[in-house]
>>> print(open('start_33.cif').read())   # mmCIF, C-alpha atoms
data_protein
#
loop_
_atom_site.label_atom_id
_atom_site.label_comp_id
_atom_site.auth_asym_id
_atom_site.auth_seq_id
_atom_site.Cartn_x
_atom_site.Cartn_y
_atom_site.Cartn_z
CA MET A 1 109.03 124.56 68.08
CA ILE A 2 106.42 125.22 70.78
CA SER A 3 105.68 128.93 70.48
CA ASN A 4 103.50 128.69 67.41
CA ASN A 5 100.30 126.71 67.14
CA GLN A 6 98.43 128.47 64.34
CA THR A 7 100.64 128.15 61.30
CA ARG A 8 102.92 125.27 62.12
CA THR A 9 105.42 123.99 59.59
CA VAL A 10 106.27 120.34 59.07
CA LYS A 11 109.80 121.08 60.27
CA GLU A 12 108.50 122.48 63.56
CA ASN A 13 106.29 119.44 64.08
CA ILE A 14 109.13 117.05 63.31
CA GLN A 15 111.46 118.86 65.71
CA LEU A 16 108.85 118.89 68.46
CA GLY A 17 107.76 115.30 67.82
CA ALA A 18 111.28 113.90 67.61
CA LEU A 19 112.60 115.59 70.76
CA THR A 20 109.57 114.86 72.94
CA ALA A 21 109.22 111.30 71.63
CA PHE A 22 112.89 110.70 72.39
CA SER A 23 112.38 111.82 75.99
CA ALA A 24 109.14 109.78 76.28
CA GLY A 25 110.95 106.68 75.03
CA MET A 26 113.70 107.22 77.59
CA VAL A 27 111.25 107.73 80.46
CA ASN A 28 109.25 104.64 79.51
CA VAL A 29 112.25 102.32 79.40
CA ILE A 30 113.74 103.71 82.60
CA SER A 31 110.47 103.23 84.45
CA VAL A 32 110.29 99.62 83.29
CA ILE A 33 113.89 98.99 84.39
CA ILE A 34 113.55 100.65 87.80
CA PHE A 35 109.86 100.24 88.67
CA PHE A 36 108.66 97.39 86.43
CA ALA A 37 105.83 99.58 85.15
CA PHE A 38 105.30 101.42 81.88
CA THR A 39 104.78 105.16 82.05
CA SER A 40 103.88 106.11 78.52
CA ASN A 41 101.84 103.10 77.56
CA VAL A 42 98.30 103.79 78.66
CA THR A 43 96.71 101.23 76.32
CA GLY A 44 98.67 98.58 78.21
CA HIS A 45 97.44 99.97 81.52
CA TYR A 46 93.81 99.64 80.38
CA ALA A 47 94.49 95.98 79.54
CA ILE A 48 96.13 95.46 82.96
CA LEU A 49 93.21 97.22 84.68
CA ALA A 50 90.74 94.87 83.00
CA GLN A 51 92.91 91.86 83.90
CA GLU A 52 93.21 92.87 87.57
CA ILE A 53 89.46 93.48 87.83
CA SER A 54 88.71 90.09 86.29
CA HIS A 55 91.10 88.43 88.78
CA GLY A 56 89.51 90.31 91.68
CA ASN A 57 92.80 92.03 92.57
CA TRP A 58 91.13 95.24 93.68
CA TYR A 59 94.19 96.86 95.22
CA GLN A 60 96.19 96.49 91.98
CA ALA A 61 93.16 97.54 89.92
CA LEU A 62 92.84 100.74 91.96
CA VAL A 63 96.55 101.48 91.62
CA VAL A 64 96.38 101.10 87.83
CA PHE A 65 93.16 103.16 87.73
CA GLY A 66 95.00 105.88 89.65
CA TRP A 67 97.86 105.79 87.14
CA ILE A 68 95.46 106.16 84.21
CA GLY A 69 93.75 108.97 86.10
CA LEU A 70 97.05 110.81 86.53
CA PHE A 71 97.83 110.52 82.82
CA PHE A 72 94.37 112.00 82.21
CA LEU A 73 95.08 114.75 84.74
CA GLY A 74 98.39 115.55 83.04
CA ASN A 75 96.62 116.05 79.71
CA PHE A 76 93.91 118.09 81.42
CA THR A 77 96.44 120.32 83.21
CA SER A 78 98.59 121.10 80.17
CA ASN A 79 95.62 121.90 77.98
CA LEU A 80 94.02 123.99 80.74
CA ILE A 81 97.19 126.10 81.00
CA VAL A 82 97.45 126.47 77.21
CA ILE A 83 93.85 127.50 76.55
CA ASN A 84 93.84 130.00 79.40
CA PHE A 85 97.13 131.77 78.72
CA ARG A 86 97.73 131.30 74.99
CA LYS A 87 96.06 134.52 73.89
CA GLU A 88 98.33 136.73 76.01
CA LYS A 89 101.62 134.86 75.83
CA ALA A 90 101.77 131.77 73.63
CA TYR A 91 105.38 130.94 74.41
CA LEU A 92 104.82 131.12 78.16
CA ALA A 93 101.59 129.11 77.97
CA HIS A 94 103.38 126.37 76.06
CA SER A 95 106.48 126.44 78.26
CA ILE A 96 104.76 126.12 81.65
CA PRO A 97 103.56 122.53 81.03
CA ILE A 98 107.07 121.51 79.98
CA VAL A 99 108.49 123.18 83.10
CA LEU A 100 105.96 121.16 85.15
CA GLU A 101 107.07 118.01 83.36
CA ILE A 102 110.72 118.80 84.06
CA LEU A 103 109.87 119.36 87.74
CA CYS A 104 108.10 115.97 87.95
CA LEU A 105 111.06 114.19 86.38
CA LEU A 106 113.57 116.08 88.54
CA VAL A 107 111.63 115.12 91.67
CA VAL A 108 111.61 111.45 90.59
CA GLY A 109 115.32 111.47 89.67
CA THR A 110 116.38 113.24 92.86
CA TYR A 111 114.17 111.06 95.04
CA ILE A 112 115.65 107.88 93.53
CA GLN A 113 119.15 109.26 93.97
CA PHE A 114 118.84 110.22 97.64
CA TYR A 115 115.80 108.66 99.31
CA TYR A 116 114.44 105.63 97.40
CA LYS A 117 114.11 102.59 99.68
CA GLU A 118 112.38 100.48 97.02
CA THR A 119 109.11 100.17 98.91
CA LEU A 120 105.95 99.46 96.94
CA LEU A 121 104.35 102.76 97.98
CA GLU A 122 107.36 104.72 96.72
CA THR A 123 107.28 102.78 93.45
CA GLU A 124 103.58 103.51 92.97
CA LEU A 125 104.08 107.22 93.69
CA MET A 126 107.10 107.53 91.39
CA VAL A 127 105.22 105.83 88.55
CA SER A 128 102.29 108.17 89.25
CA ALA A 129 104.52 111.23 88.92
CA MET A 130 105.99 109.92 85.67
CA LEU A 131 102.57 109.14 84.19
CA PHE A 132 101.44 112.65 85.12
CA ALA A 133 104.56 114.04 83.40
CA MET A 134 103.93 111.96 80.28
CA GLY A 135 100.30 113.10 80.27
CA ILE A 136 101.42 116.73 80.41
CA GLN A 137 103.83 116.19 77.52
CA ASN A 138 101.38 114.29 75.34
CA GLY A 139 98.61 116.80 75.98
CA LEU A 140 100.86 119.74 75.20
CA THR A 141 102.31 118.37 71.97
CA ALA A 142 98.86 117.33 70.76
CA THR A 143 97.40 120.75 71.59
CA ILE A 144 100.07 122.90 70.00
CA SER A 145 100.39 120.76 66.89
CA ASN A 146 96.62 120.55 66.41
CA SER A 147 96.75 116.81 67.19
CA ALA A 148 99.43 116.15 64.55
CA VAL A 149 102.02 115.15 67.17
CA LYS A 150 101.26 112.64 69.92
CA THR A 151 104.55 111.52 71.32
CA THR A 152 103.47 108.62 73.49
CA HIS A 153 100.62 107.28 71.39
CA LEU A 154 102.44 104.58 69.49
CA THR A 155 99.32 102.49 68.84
CA GLY A 156 97.73 105.33 66.87
CA LEU A 157 101.05 106.14 65.23
CA THR A 158 101.57 102.57 64.01
CA THR A 159 97.95 102.52 62.79
CA ASP A 160 98.54 105.74 60.82
CA LEU A 161 101.82 104.40 59.42
CA GLY A 162 100.09 101.22 58.26
CA ILE A 163 97.29 103.22 56.64
CA LEU A 164 99.76 105.59 54.95
CA ALA A 165 101.89 102.69 53.69
CA SER A 166 98.83 101.22 52.03
CA LEU A 167 97.82 104.63 50.62
CA PHE A 168 101.27 104.95 49.05
CA THR A 169 100.53 101.97 46.83
CA LYS A 170 98.63 104.54 44.67
CA LYS A 171 100.67 107.03 42.65
CA GLU A 172 98.44 110.03 43.42
CA ASN A 173 98.94 109.45 47.14
CA ARG A 174 102.69 109.09 46.77
CA GLU A 175 102.74 112.50 45.13
CA ASN A 176 100.51 114.12 47.74
CA PRO A 177 102.81 116.43 49.80
CA HIS A 178 100.45 116.39 52.79
CA LEU A 179 100.61 112.60 53.06
CA ARG A 180 104.38 112.57 52.47
CA ASN A 181 104.89 115.12 55.25
CA LYS A 182 102.70 113.13 57.59
CA TRP A 183 104.73 110.02 56.81
CA LYS A 184 107.97 111.88 57.62
CA LEU A 185 106.55 113.17 60.89
CA LEU A 186 105.29 109.76 62.01
CA LEU A 187 108.56 108.07 61.09
CA ALA A 188 110.50 110.74 63.00
CA ILE A 189 108.35 110.19 66.12
CA MET A 190 108.56 106.41 65.89
CA SER A 191 112.32 106.30 65.37
CA SER A 192 112.95 108.92 68.08
CA TYR A 193 110.80 107.05 70.61
CA LEU A 194 112.65 103.84 69.81
CA ALA A 195 116.05 105.56 69.88
CA GLY A 196 115.17 107.15 73.25
CA GLY A 197 114.22 103.77 74.69
CA ILE A 198 117.32 102.02 73.36
CA SER A 199 119.70 104.73 74.53
CA ALA A 200 118.04 104.86 77.97
CA GLY A 201 118.40 101.10 78.35
CA TYR A 202 122.01 101.32 77.26
CA ILE A 203 123.14 104.33 79.28
CA TYR A 204 121.24 103.26 82.40
CA LEU A 205 123.88 100.56 82.89
CA ASN A 206 126.50 103.29 83.30
CA ILE A 207 124.74 106.30 84.75
CA ALA A 208 121.68 104.80 86.49
CA TYR A 209 119.08 107.33 87.73
CA ASN A 210 120.99 110.22 86.07
CA VAL A 211 119.01 109.33 82.95
CA PHE A 212 116.22 111.48 84.40
CA TYR A 213 118.49 114.51 84.31
CA ILE A 214 119.35 113.79 80.66
CA VAL A 215 115.62 113.68 79.80
CA CYS A 216 115.26 117.05 81.54
CA VAL A 217 118.10 118.43 79.37
CA PHE A 218 116.18 117.37 76.24
CA LEU A 219 113.07 119.14 77.52
CA VAL A 220 115.09 122.25 78.33
CA ILE A 221 116.31 122.18 74.70
CA VAL A 222 112.65 122.14 73.58
CA ILE A 223 111.80 125.30 75.52
CA GLY A 224 115.25 126.86 75.17
CA TYR A 225 115.30 126.55 71.39
CA ASP A 226 112.18 128.68 70.99
CA PHE A 227 113.27 131.12 73.65
CA TYR A 228 116.55 131.63 71.81
CA ARG A 229 114.79 132.03 68.45
CA LEU A 230 112.29 134.55 69.80
CA LYS A 231 114.95 136.53 71.65
CA MET A 232 117.23 136.57 68.60
CA ARG A 233 114.41 137.71 66.38
CA SER A 234 113.37 140.58 68.63
CA LEU A 235 117.04 141.58 69.07
CA LEU A 236 117.63 141.61 65.32
CA GLN A 237 114.46 143.59 64.75
CA ARG A 238 115.59 146.24 67.19
CA LYS A 239 119.21 146.46 66.07
CA GLN A 240 119.07 145.99 62.32
CA PRO A 241 116.67 148.19 60.36
CA TYR A 242 117.47 146.36 57.12
CA TYR A 243 116.69 143.00 58.68
CA ARG A 244 113.58 144.51 60.19
CA LYS A 245 112.42 145.49 56.71
CA ILE A 246 112.97 141.97 55.37
CA ILE A 247 111.13 140.24 58.15
CA LYS A 248 108.41 142.84 58.31
CA SER A 249 105.87 140.41 57.01
CA GLN A 250 106.92 137.71 59.47
CA ALA A 251 105.22 138.58 62.74
CA PRO A 252 107.16 137.54 65.86
CA GLN A 253 105.69 134.48 67.53
CA LEU A 254 105.56 135.86 71.04
CA SER A 255 101.81 135.63 70.92
CA ASN A 256 99.16 134.16 68.69
CA HIS A 257 96.26 136.15 67.40
CA MET B 1 81.62 129.69 87.74
CA LYS B 2 79.00 126.98 87.67
CA TYR B 3 81.25 124.73 85.59
CA THR B 4 84.26 125.43 87.80
CA PHE B 5 82.17 124.19 90.71
CA ILE B 6 81.06 121.09 88.77
CA TYR B 7 84.67 120.28 87.82
CA LEU B 8 85.86 120.75 91.40
CA ALA B 9 82.99 118.66 92.77
CA ILE B 10 83.70 115.79 90.36
CA PHE B 11 87.42 115.94 91.10
CA THR B 12 86.95 116.03 94.88
CA SER B 13 84.35 113.26 94.96
CA THR B 14 86.49 111.05 92.70
CA MET B 15 89.47 111.57 95.03
CA VAL B 16 87.39 110.79 98.14
CA VAL B 17 85.87 107.61 96.63
CA TYR B 18 89.25 106.52 95.24
CA PHE B 19 91.21 106.89 98.48
CA THR B 20 88.38 105.40 100.55
CA LEU B 21 88.30 102.30 98.36
CA LEU B 22 92.11 102.10 98.37
CA SER B 23 92.26 102.28 102.16
CA LEU B 24 89.81 99.37 102.40
CA GLN B 25 92.06 97.07 100.35
CA GLU B 26 94.84 94.97 101.76
CA SER B 27 98.14 95.99 100.20
CA PRO B 28 100.29 93.20 98.67
CA THR B 29 103.08 94.37 101.03
CA SER B 30 101.04 93.36 104.07
CA ASN B 31 99.57 90.25 102.42
CA ILE B 32 102.98 88.78 101.72
CA LEU B 33 104.23 89.07 105.32
CA GLY B 34 104.51 85.77 107.17
CA GLU B 35 105.89 82.32 106.61
CA TRP B 36 105.16 80.45 103.39
CA LYS B 37 105.75 76.83 102.51
CA GLU B 38 106.39 75.62 98.99
CA ILE B 39 103.75 73.07 98.06
CA SER B 40 104.34 72.52 94.34
CA TRP B 41 106.41 73.34 91.30
CA GLU B 42 104.65 73.00 87.96
CA TYR B 43 105.41 73.86 84.36
CA GLU B 44 103.07 76.71 83.50
CA LYS B 45 104.10 77.19 79.88
CA LEU B 46 106.54 75.30 77.72
CA ASP B 47 108.09 76.29 74.44
CA SER B 48 107.95 72.70 73.25
CA ILE B 49 105.88 70.20 71.34
CA LEU B 50 105.63 68.30 74.62
CA GLN B 51 102.70 70.53 75.49
CA LYS B 52 100.60 68.92 72.80
CA ASP B 53 101.05 65.56 74.43
CA ASN B 54 98.18 64.94 76.86
CA SER B 55 100.20 62.44 78.86
CA PHE B 56 102.84 65.07 79.72
CA ASP B 57 103.18 65.50 83.48
CA TYR B 58 103.20 69.21 84.36
CA MET B 59 104.52 68.61 87.88
CA VAL B 60 108.25 69.35 88.10
CA THR B 61 110.16 66.40 89.50
CA ASP B 62 112.62 66.91 92.36
CA HIS B 63 115.51 66.16 90.04
CA ILE B 64 114.48 68.77 87.44
CA LYS B 65 113.66 71.24 90.22
CA GLU B 66 117.17 70.77 91.56
CA GLN B 67 118.62 71.48 88.11
CA ILE B 68 116.41 74.50 87.37
CA SER B 69 117.06 76.17 90.71
CA GLU B 70 120.75 75.30 90.93
CA ASN B 71 121.92 78.77 89.99
CA LEU B 72 119.00 80.60 91.57
CA ILE B 73 118.97 82.45 94.85
CA ILE B 74 116.04 80.29 95.98
CA HIS B 75 117.98 77.03 95.59
CA LYS B 76 116.93 74.40 98.14
CA ALA B 77 114.59 76.78 99.97
CA GLU B 78 111.41 75.18 101.26
CA THR B 79 109.98 77.78 103.56
CA TRP B 80 110.10 81.51 102.90
CA LYS B 81 109.58 83.94 105.77
CA PHE B 82 108.84 87.55 104.78
CA THR B 83 109.34 90.04 107.62
CA ASP B 84 108.26 93.67 107.65
CA ASN B 85 111.83 94.95 107.70
CA GLU B 86 112.12 93.56 104.16
CA THR B 87 114.16 90.55 105.20
CA LEU B 88 113.43 87.20 103.64
CA GLU B 89 114.50 84.17 105.62
CA MET B 90 114.74 81.10 103.42
CA GLN B 91 114.98 77.72 105.02
CA GLY B 92 115.62 74.28 103.57
CA SER B 93 116.60 70.99 105.09
CA GLU B 94 120.28 71.84 104.62
CA THR B 95 120.32 75.56 103.98
CA GLN B 96 119.37 78.84 105.60
CA LYS B 97 119.63 82.23 103.89
CA SER B 98 118.82 85.77 104.83
CA LEU B 99 117.95 87.96 101.85
CA HIS B 100 116.29 91.27 101.05
CA TRP B 101 112.86 91.42 99.42
CA THR B 102 110.79 94.17 97.90
CA LEU B 103 107.76 94.48 95.65
CA LYS B 104 107.82 96.36 92.36
CA GLY B 105 105.36 97.48 89.70
CA ARG B 106 101.83 97.46 91.09
CA GLY B 107 102.84 94.79 93.58
CA ASN B 108 103.10 92.12 90.89
CA ILE B 109 106.89 91.70 90.90
CA LEU B 110 108.82 90.18 93.79
CA GLN B 111 112.45 91.25 93.82
CA ILE B 112 114.83 89.17 95.90
CA ASP B 113 118.42 90.20 96.32
CA GLY B 114 121.39 89.19 98.36
CA ALA B 115 124.79 87.56 97.94
CA ASP B 116 125.44 89.68 94.81
CA LEU B 117 122.39 88.21 93.09
CA MET B 118 119.10 89.79 92.18
CA GLU B 119 116.11 87.84 90.91
CA HIS B 120 112.58 88.78 89.93
CA TYR B 121 109.49 86.63 90.26
CA GLU B 122 106.07 87.47 88.94
CA ILE B 123 103.33 87.29 91.54
CA GLN B 124 100.35 85.67 89.84
CA GLU B 125 98.22 85.26 92.92
CA LEU B 126 98.56 86.61 96.43
CA SER B 127 95.92 86.14 99.08
CA SER B 128 96.13 85.79 102.84
CA ASP B 129 96.79 82.04 102.57
CA ARG B 130 98.05 81.30 99.04
CA MET B 131 100.79 82.68 96.84
CA VAL B 132 101.63 81.71 93.27
CA LEU B 133 104.89 82.84 91.71
CA HIS B 134 106.03 82.48 88.10
CA PHE B 135 109.53 82.62 86.79
CA ASN B 136 111.09 82.04 83.40
CA PHE B 137 113.64 79.33 82.94
CA ASP B 138 115.72 78.30 80.01
CA MET B 139 117.05 74.86 80.75
CA GLN B 140 116.56 71.99 78.30
CA VAL B 141 113.31 73.63 77.24
CA ARG B 142 112.24 77.27 77.52
CA GLY B 143 109.23 77.96 79.68
CA ILE B 144 107.66 79.27 82.84
CA VAL B 145 107.62 77.52 86.20
CA LYS B 146 104.71 78.05 88.56
CA MET B 147 105.56 77.85 92.26
CA THR B 148 102.67 77.55 94.69
CA PHE B 149 102.98 78.44 98.37
CA GLU B 150 100.72 78.04 101.37
CA LYS B 151 100.92 80.31 104.39
CA ILE B 152 101.88 78.47 107.54
CA ASN B 153 102.45 81.39 109.91
CA THR B 154 101.47 85.04 109.80
#
>>> encode(input="start_33.cif", output="structure tokens")
Amino acid sequence: MISNNQTRTVKENIQLGALTAFSAGMVNVISVIIFFAFTSNVTGHYAILAQEISHGNWYQALVVFGWIGLFFLGNFTSNLIVINFRKEKAYLAHSIPIVLEILCLLVVGTYIQFYYKETLLETELMVSAMLFAMGIQNGLTATISNSAVKTTHLTGLTTDLGILASLFTKKENRENPHLRNKWKLLLAIMSSYLAGGISAGYIYLNIAYNVFYIVCVFLVIVIGYDFYRLKMRSLLQRKQPYYRKIIKSQAPQLSNH
Amino acid sequence: MKYTFIYLAIFTSTMVVYFTLLSLQESPTSNILGEWKEISWEYEKLDSILQKDNSFDYMVTDHIKEQISENLIIHKAETWKFTDNETLEMQGSETQKSLHWTLKGRGNILQIDGADLMEHYEIQELSSDRMVLHFNFDMQVRGIVKMTFEKINT
């Protein structure tokens, strides 16, 4: 799902997009419920920034500017890690940003559980950490899928869906496998994001801040799935000569060349 | 190496400028502290054809105000005193309540809780002497009420 960025299949992109969009949808809804601020909706933050500047609310404008900056920094960090370590160990380079994201969300979840006093400063810092985490995730998925998957960019996704829907009015486009695959991917991301948001809103009533731990489980699945696949493949290659012969042409995805 | 230095310089200078500017601004948490007096209740937005009528009076009458706020935590409160230990003392001619307050979002949401109730008000304006709060209501007609306050004591 995350180990390969050169020859990605549609299935890999759908798996990656669906799982990360589901967690982004959950994080966004939870942040609105607890902190009254979106954490994966940067377009909205630009609108709020403009509104606060026009009203002369400089404190709020600076806070929102800081949030946008942290989303930017998240994207910057994940891509920096990927481009510097991908050549040696692709899986590791792609896993580190997700581990960072998990750490951010664990810190937020644990802080809310044990220390949160509901002060404005705490709220601003928690939202900052979540925007940084969402930036990391969005940057990583966009990088490893060659910009095919952007899990928190629903404006662009809806635009693409609208364009594709209109393209499908022509028969040649309906039969174009590339466009059909793109349609499937975008629908998977959209529905997963929505499903994540709905389920977070629903389960928050019962399990409160524990939702953060559930999001972390989803992200562990993302990195764990590839780890398992790579480990299984190398194990099978070592233990089964016949299998080794069959998969000879399929190079293991431990690194990208 | 040169570009690493440029990146670090931009990052550091942005941080310095950002936190300097932020430290110069008054936080909504400190702006809200003090005693506030309600000076008006107005309809801000109405989901009704009444809005198209120019003769419609946007000021909320005492009778309607009584009905709208009947089930709200702020019922019959005329002065609101925000203290720095997050206690909100609400006083009316017949009532006195002690509640808990906190700000959410970017300081644009006022959360008031106490007596098993929790309510949220949107802060539209907050300066050292004036506060405007909005809240949604759904009684007779759907809409938003604008509450304006004036600071009487810091």
>>> closest_atom_pairs(input="start_33.cif", of="chain A", to="chain B", cutoff="8 Å", atoms="only C-alpha atoms", output="JSON lines")
{"residue": "A:Phe35", "atom": "CA", "partner": "B:Gly105", "partner_atom": "CA", "distance": 5.4}
{"residue": "A:Phe36", "atom": "CA", "partner": "B:Gly105", "partner_atom": "CA", "distance": 4.6}
{"residue": "A:Ala37", "atom": "CA", "partner": "B:Gly105", "partner_atom": "CA", "distance": 5.0}
{"residue": "A:Trp58", "atom": "CA", "partner": "B:Gln25", "partner_atom": "CA", "distance": 7.0}
{"residue": "A:Tyr59", "atom": "CA", "partner": "B:Gln25", "partner_atom": "CA", "distance": 5.6}
{"residue": "A:Gln60", "atom": "CA", "partner": "B:Arg106", "partner_atom": "CA", "distance": 5.8}
{"residue": "A:Leu62", "atom": "CA", "partner": "B:Leu22", "partner_atom": "CA", "distance": 6.6}
{"residue": "A:Val63", "atom": "CA", "partner": "B:Arg106", "partner_atom": "CA", "distance": 6.7}
{"residue": "A:Val64", "atom": "CA", "partner": "B:Arg106", "partner_atom": "CA", "distance": 7.3}
{"residue": "A:Glu118", "atom": "CA", "partner": "B:Thr102", "partner_atom": "CA", "distance": 6.6}
{"residue": "A:Thr119", "atom": "CA", "partner": "B:Thr102", "partner_atom": "CA", "distance": 6.3}
{"residue": "A:Leu120", "atom": "CA", "partner": "B:Leu103", "partner_atom": "CA", "distance": 5.5}
{"residue": "A:Thr123", "atom": "CA", "partner": "B:Lys104", "partner_atom": "CA", "distance": 6.5}
{"residue": "A:Glu124", "atom": "CA", "partner": "B:Arg106", "partner_atom": "CA", "distance": 6.6}
>>> atom_distance(input="start_33.cif", atom1="atom CA of Val16 of chain B", atom2="atom CA of Ala61 of chain A")
16.6 Å
>>> atom_distance(input="start_33.cif", atom1="atom CA of Asn85 of chain B", atom2="atom CA of Tyr204 of chain A")
28.2 Å
>>> resolve_selection(input="start_33.cif", expression="the PyMOL selection byres ((chain A and resi 157) around 12)", output="PyMOL selection string")
chain A and resi 17+21+147-156+158-164+182-191+193
>>> residues_around(input="start_33.cif", residues="Lys97 of chain B", least_positions_apart="2", cutoff="10 Å", atoms="all atoms listed in the file", output="short mmCIF file (atom, residue, chain, number, x, y, z; two decimals) with C-alpha atoms, keeping the file's coordinate frame")
data_model
loop_
_atom_site.label_atom_id
_atom_site.label_comp_id
_atom_site.auth_asym_id
_atom_site.auth_seq_id
_atom_site.Cartn_x
_atom_site.Cartn_y
_atom_site.Cartn_z
CA ILE B 73 118.97 82.45 94.85
CA ILE B 74 116.04 80.29 95.98
CA HIS B 75 117.98 77.03 95.59
CA ALA B 77 114.59 76.78 99.97
CA TRP B 80 110.10 81.51 102.90
CA LEU B 88 113.43 87.20 103.64
CA GLU B 89 114.50 84.17 105.62
CA MET B 90 114.74 81.10 103.42
CA GLN B 91 114.98 77.72 105.02
CA GLY B 92 115.62 74.28 103.57
CA THR B 95 120.32 75.56 103.98
CA LEU B 99 117.95 87.96 101.85
CA GLY B 114 121.39 89.19 98.36
CA ALA B 115 124.79 87.56 97.94
#
>>> atom_distance(input="start_33.cif", atom1="atom CA of Phe76 of chain A", atom2="atom CA of Leu140 of chain A")
9.5 Å
